[in-house]
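> Coordinates in my_file-v7.cif, mmCIF, C-alpha atoms; chains and numbers go by the auth columns, are listed below.
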data_run
loop_
_atom_site.group_PDB
_atom_site.id
_atom_site.type_symbol
_atom_site.label_atom_id
_atom_site.label_comp_id
_atom_site.label_asym_id
_atom_site.label_seq_id
_atom_site.Cartn_x
_atom_site.Cartn_y
_atom_site.Cartn_z
_atom_site.B_iso_or_equiv
_atom_site.auth_seq_id
_atom_site.auth_asym_id
ATOM 1 C CA MET A 1 -6.024 -3.971 -15.173 0.00 1402 R
ATOM 2 C CA GLU A 2 -8.836 -1.463 -14.815 0.00 1403 R
ATOM 3 C CA PHE A 3 -8.051 1.847 -13.120 0.00 1404 R
ATOM 4 C CA SER A 4 -10.231 1.183 -10.071 0.00 1405 R
ATOM 5 C CA LYS A 5 -8.685 -2.231 -9.464 0.00 1406 R
ATOM 6 C CA ARG A 6 -5.198 -0.812 -9.980 0.00 1407 R
ATOM 7 C CA LEU A 7 -5.940 1.928 -7.438 0.00 1408 R
ATOM 8 C CA ILE A 8 -6.915 -0.642 -4.813 0.00 1409 R
ATOM 9 C CA ALA A 9 -3.813 -2.738 -5.561 0.00 1410 R
ATOM 10 C CA ASP A 10 -1.586 0.340 -5.226 0.00 1411 R
ATOM 11 C CA ILE A 11 -3.164 1.266 -1.903 0.00 1412 R
ATOM 12 C CA ARG A 12 -2.607 -2.267 -0.607 0.00 1413 R
ATOM 13 C CA ALA A 13 1.095 -1.988 -1.434 0.00 1414 R
ATOM 14 C CA LEU A 14 1.219 1.372 0.356 0.00 1415 R
ATOM 15 C CA LEU A 15 -0.483 -0.183 3.390 0.00 1416 R
ATOM 16 C CA TRP A 16 2.154 -2.899 3.653 0.00 1417 R
ATOM 17 C CA VAL A 17 5.037 -0.432 3.364 0.00 1418 R
ATOM 18 C CA VAL A 18 3.593 2.068 5.838 0.00 1419 R
ATOM 19 C CA THR A 19 2.422 -0.529 8.377 0.00 1420 R
ATOM 20 C CA VAL A 20 5.671 -2.482 8.412 0.00 1421 R
ATOM 21 C CA GLY A 21 7.651 0.771 8.429 0.00 1422 R
ATOM 22 C CA GLY A 22 5.583 2.059 11.340 0.00 1423 R
ATOM 23 C CA LEU A 23 6.133 -1.125 13.321 0.00 1424 R
ATOM 24 C CA VAL A 24 9.877 -0.999 12.658 0.00 1425 R
ATOM 25 C CA LEU A 25 9.997 2.652 13.647 0.00 1426 R
ATOM 26 C CA ALA A 26 8.010 1.974 16.841 0.00 1427 R
ATOM 27 C CA ALA A 27 10.359 -0.896 17.720 0.00 1428 R
ATOM 28 C CA TYR A 28 13.336 1.381 17.131 0.00 1429 R
ATOM 29 C CA CYS A 29 11.823 4.063 19.400 0.00 1430 R
ATOM 30 C CA VAL A 30 11.360 1.491 22.164 0.00 1431 R
ATOM 31 C CA ARG A 31 14.878 0.114 21.646 0.00 1432 R
ATOM 32 C CA VAL A 32 16.582 3.496 21.968 0.00 1433 R
ATOM 33 C CA GLY A 33 14.464 4.447 24.991 0.00 1434 R
ATOM 34 C CA TYR A 34 12.381 7.204 23.384 0.00 1435 R
ATOM 35 C CA MET A 35 10.012 8.440 26.084 0.00 1436 R
ATOM 36 C CA GLY A 36 7.976 10.992 24.107 0.00 1437 R
ATOM 37 C CA ALA A 37 4.477 10.666 22.709 0.00 1438 R
ATOM 38 C CA LEU A 38 3.950 8.837 19.434 0.00 1439 R
ATOM 39 C CA PRO A 39 0.775 10.356 17.895 0.00 1440 R
ATOM 40 C CA TRP A 40 2.664 11.000 14.664 0.00 1441 R
ATOM 41 C CA LEU A 41 3.356 7.275 14.439 0.00 1442 R
ATOM 42 C CA THR A 42 -0.309 6.450 14.952 0.00 1443 R
ATOM 43 C CA ALA A 43 -1.298 8.906 12.211 0.00 1444 R
ATOM 44 C CA MET A 44 1.384 7.561 9.877 0.00 1445 R
ATOM 45 C CA VAL A 45 -0.141 4.084 10.066 0.00 1446 R
ATOM 46 C CA GLY A 46 -3.817 4.952 10.642 0.00 1447 R
ATOM 47 C CA LEU A 47 -4.421 7.447 7.856 0.00 1448 R
ATOM 48 C CA PRO A 48 -3.505 5.098 4.966 0.00 1449 R
ATOM 49 C CA TRP A 49 -5.845 2.457 6.449 0.00 1450 R
ATOM 50 C CA THR A 50 -8.598 5.076 6.514 0.00 1451 R
ATOM 51 C CA ALA A 51 -7.919 5.887 2.864 0.00 1452 R
ATOM 52 C CA HIS A 52 -8.044 2.183 2.007 0.00 1453 R
ATOM 53 C CA GLY A 53 -11.400 1.802 3.733 0.00 1454 R
ATOM 54 C CA THR A 54 -12.787 4.799 1.866 0.00 1455 R
ATOM 55 C CA VAL A 55 -11.568 3.584 -1.527 0.00 1456 R
ATOM 56 C CA CYS A 56 -12.939 0.080 -0.919 0.00 1457 R
ATOM 57 C CA ALA A 57 -16.312 1.478 0.187 0.00 1458 R
ATOM 58 C CA PHE A 58 -16.626 3.599 -2.961 0.00 1459 R
ATOM 59 C CA TYR A 59 -15.481 0.685 -5.142 0.00 1460 R
ATOM 60 C CA LEU A 60 -18.147 -1.526 -3.572 0.00 1461 R
ATOM 61 C CA ASN A 61 -20.794 1.145 -4.229 0.00 1462 R
ATOM 62 C CA MET A 62 -19.665 1.340 -7.859 0.00 1463 R
ATOM 63 C CA ALA A 63 -19.815 -2.444 -8.211 0.00 1464 R
ATOM 64 C CA LYS A 64 -23.321 -2.507 -6.714 0.00 1465 R
ATOM 65 C CA SER A 65 -24.573 0.090 -9.181 0.00 1466 R
ATOM 66 C CA ASP A 66 -22.912 -1.628 -12.149 0.00 1467 R
ATOM 67 C CA HIS A 67 -24.289 -5.067 -11.330 0.00 1468 R
ATOM 68 C CA LYS A 68 -27.942 -4.231 -10.706 0.00 1469 R
ATOM 69 C CA GLU A 69 -30.577 -3.840 -13.381 0.00 1470 R
ATOM 70 C CA GLY A 70 -29.804 -0.688 -15.358 0.00 1471 R
ATOM 71 C CA GLY A 71 -26.088 -0.870 -14.527 0.00 1472 R
ATOM 72 C CA ILE A 72 -23.552 -1.118 -17.316 0.00 1473 R
ATOM 73 C CA THR A 73 -22.332 -4.629 -16.419 0.00 1474 R
ATOM 74 C CA PHE A 74 -25.851 -6.003 -16.039 0.00 1475 R
ATOM 75 C CA GLU A 75 -27.053 -4.460 -19.298 0.00 1476 R
ATOM 76 C CA THR A 76 -23.975 -5.711 -21.181 0.00 1477 R
ATOM 77 C CA ALA A 77 -24.646 -9.232 -19.879 0.00 1478 R
ATOM 78 C CA ARG A 78 -28.317 -8.940 -20.810 0.00 1479 R
ATOM 79 C CA ALA A 79 -27.397 -7.857 -24.340 0.00 1480 R
ATOM 80 C CA ALA A 80 -25.151 -10.939 -24.627 0.00 1481 R
ATOM 81 C CA GLY A 81 -27.996 -13.166 -23.479 0.00 1482 R
ATOM 82 C CA PHE A 82 -26.356 -13.689 -20.078 0.00 1483 R
ATOM 83 C CA GLN A 83 -23.707 -15.935 -21.639 0.00 1484 R
ATOM 84 C CA ALA A 84 -20.385 -16.244 -19.783 0.00 1485 R
ATOM 85 C CA SER A 85 -17.554 -14.260 -21.317 0.00 1486 R
ATOM 86 C CA GLY A 86 -13.940 -15.391 -21.451 0.00 1487 R
ATOM 87 C CA ASN A 87 -12.889 -13.147 -18.554 0.00 1488 R
ATOM 88 C CA SER A 88 -15.647 -14.197 -16.128 0.00 1489 R
ATOM 89 C CA PRO A 89 -14.549 -15.964 -12.954 0.00 1490 R
ATOM 90 C CA SER A 90 -15.739 -19.514 -12.511 0.00 1491 R
ATOM 91 C CA ILE A 91 -18.525 -20.173 -10.050 0.00 1492 R
#
Would you mind giving the structure from this file in structure tokens?

Amino acid sequence: MEFSKRLIADIRALLWVVTVGGLVLAAYCVRVGYMGALPWLTAMVGLPWTAHGTVCAFYLNMAKSDHKEGGITFETARAAGFQASGNSPSI
């Protein structure tokens, strides 16, 4: 798997762990009657989602530049006569 795709997959795994962990921790706080503020819990869950959004936005920008005329993917396809390669998804 390419580095950029692996990075997104790793962040998705982190999102699941942190989000489920945050929900469990919040439920535990409610169960034991914790009456304090929970901004640390919000940050624990919100910041990884922000990172995921940033990574996905930059990945989309990279894909846009690669797939337009002059981009490496477009030019590679042009050089091959726009023939489908073995690793292309079906349409």
> Hey, what comes out of the PyMOL selection byres ((chain R and resi 1408-1412) around 8) on this file? Could you write it as a PDB file with C-alpha atoms, in the frame of the given file?

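Contents of expr04.pdb, as written:
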ATOM      1  CA  PHE R1404      -8.051   1.847 -13.120  1.00  0.00           C
ATOM      2  CA  SER R1405     -10.231   1.183 -10.071  1.00  0.00           C
ATOM      3  CA  LYS R1406      -8.685  -2.231  -9.464  1.00  0.00           C
ATOM      4  CA  ARG R1407      -5.198  -0.812  -9.980  1.00  0.00           C
ATOM      5  CA  ARG R1413      -2.607  -2.267  -0.607  1.00  0.00           C
ATOM      6  CA  ALA R1414       1.095  -1.988  -1.434  1.00  0.00           C
ATOM      7  CA  LEU R1415       1.219   1.372   0.356  1.00  0.00           C
ATOM      8  CA  LEU R1416      -0.483  -0.183   3.390  1.00  0.00           C
ATOM      9  CA  PRO R1449      -3.505   5.098   4.966  1.00  0.00           C
ATOM     10  CA  HIS R1453      -8.044   2.183   2.007  1.00  0.00           C
ATOM     11  CA  VAL R1456     -11.568   3.584  -1.527  1.00  0.00           C
ATOM     12  CA  CYS R1457     -12.939   0.080  -0.919  1.00  0.00           C
TER      13      CYS R1457
END
> Determine the nearest neighbour of Thr1443 (chain R) from the options R:Ala1478, R:Ala1464, R:Ala1427, R:Val1418, counting only C-alpha atoms.
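Of R:Ala1478, R:Ala1464, R:Ala1427, R:Val1418, the one nearest Thr1443 (chain R), counting only C-alpha atoms, is R:Ala1427.
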> In Å to one decimal, how far is CA of Gly1437 (chain R) from CA of Thr1451 (chain R)?
24.9 Å
> Would you list the residues near (1.6, 8.0, 10.7) (no more than 12 Å away, in the coordinates of the file, using all atoms listed in the file) as a VMD selection string?
chain R and resid 1416 1418 to 1424 1426 to 1427 1439 to 1451
> So how many Å separate CA of Ala1452 (chain R) and CA of Glu1403 (chain R), to one decimal?
19.2 Å
> So how far away is CA of Trp1417 (chain R) from CA of Gly1454 (chain R), in Å?
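About the pair CA of Gly1454 (chain R) and CA of Trp1417 (chain R): they are 14.3 Å apart.
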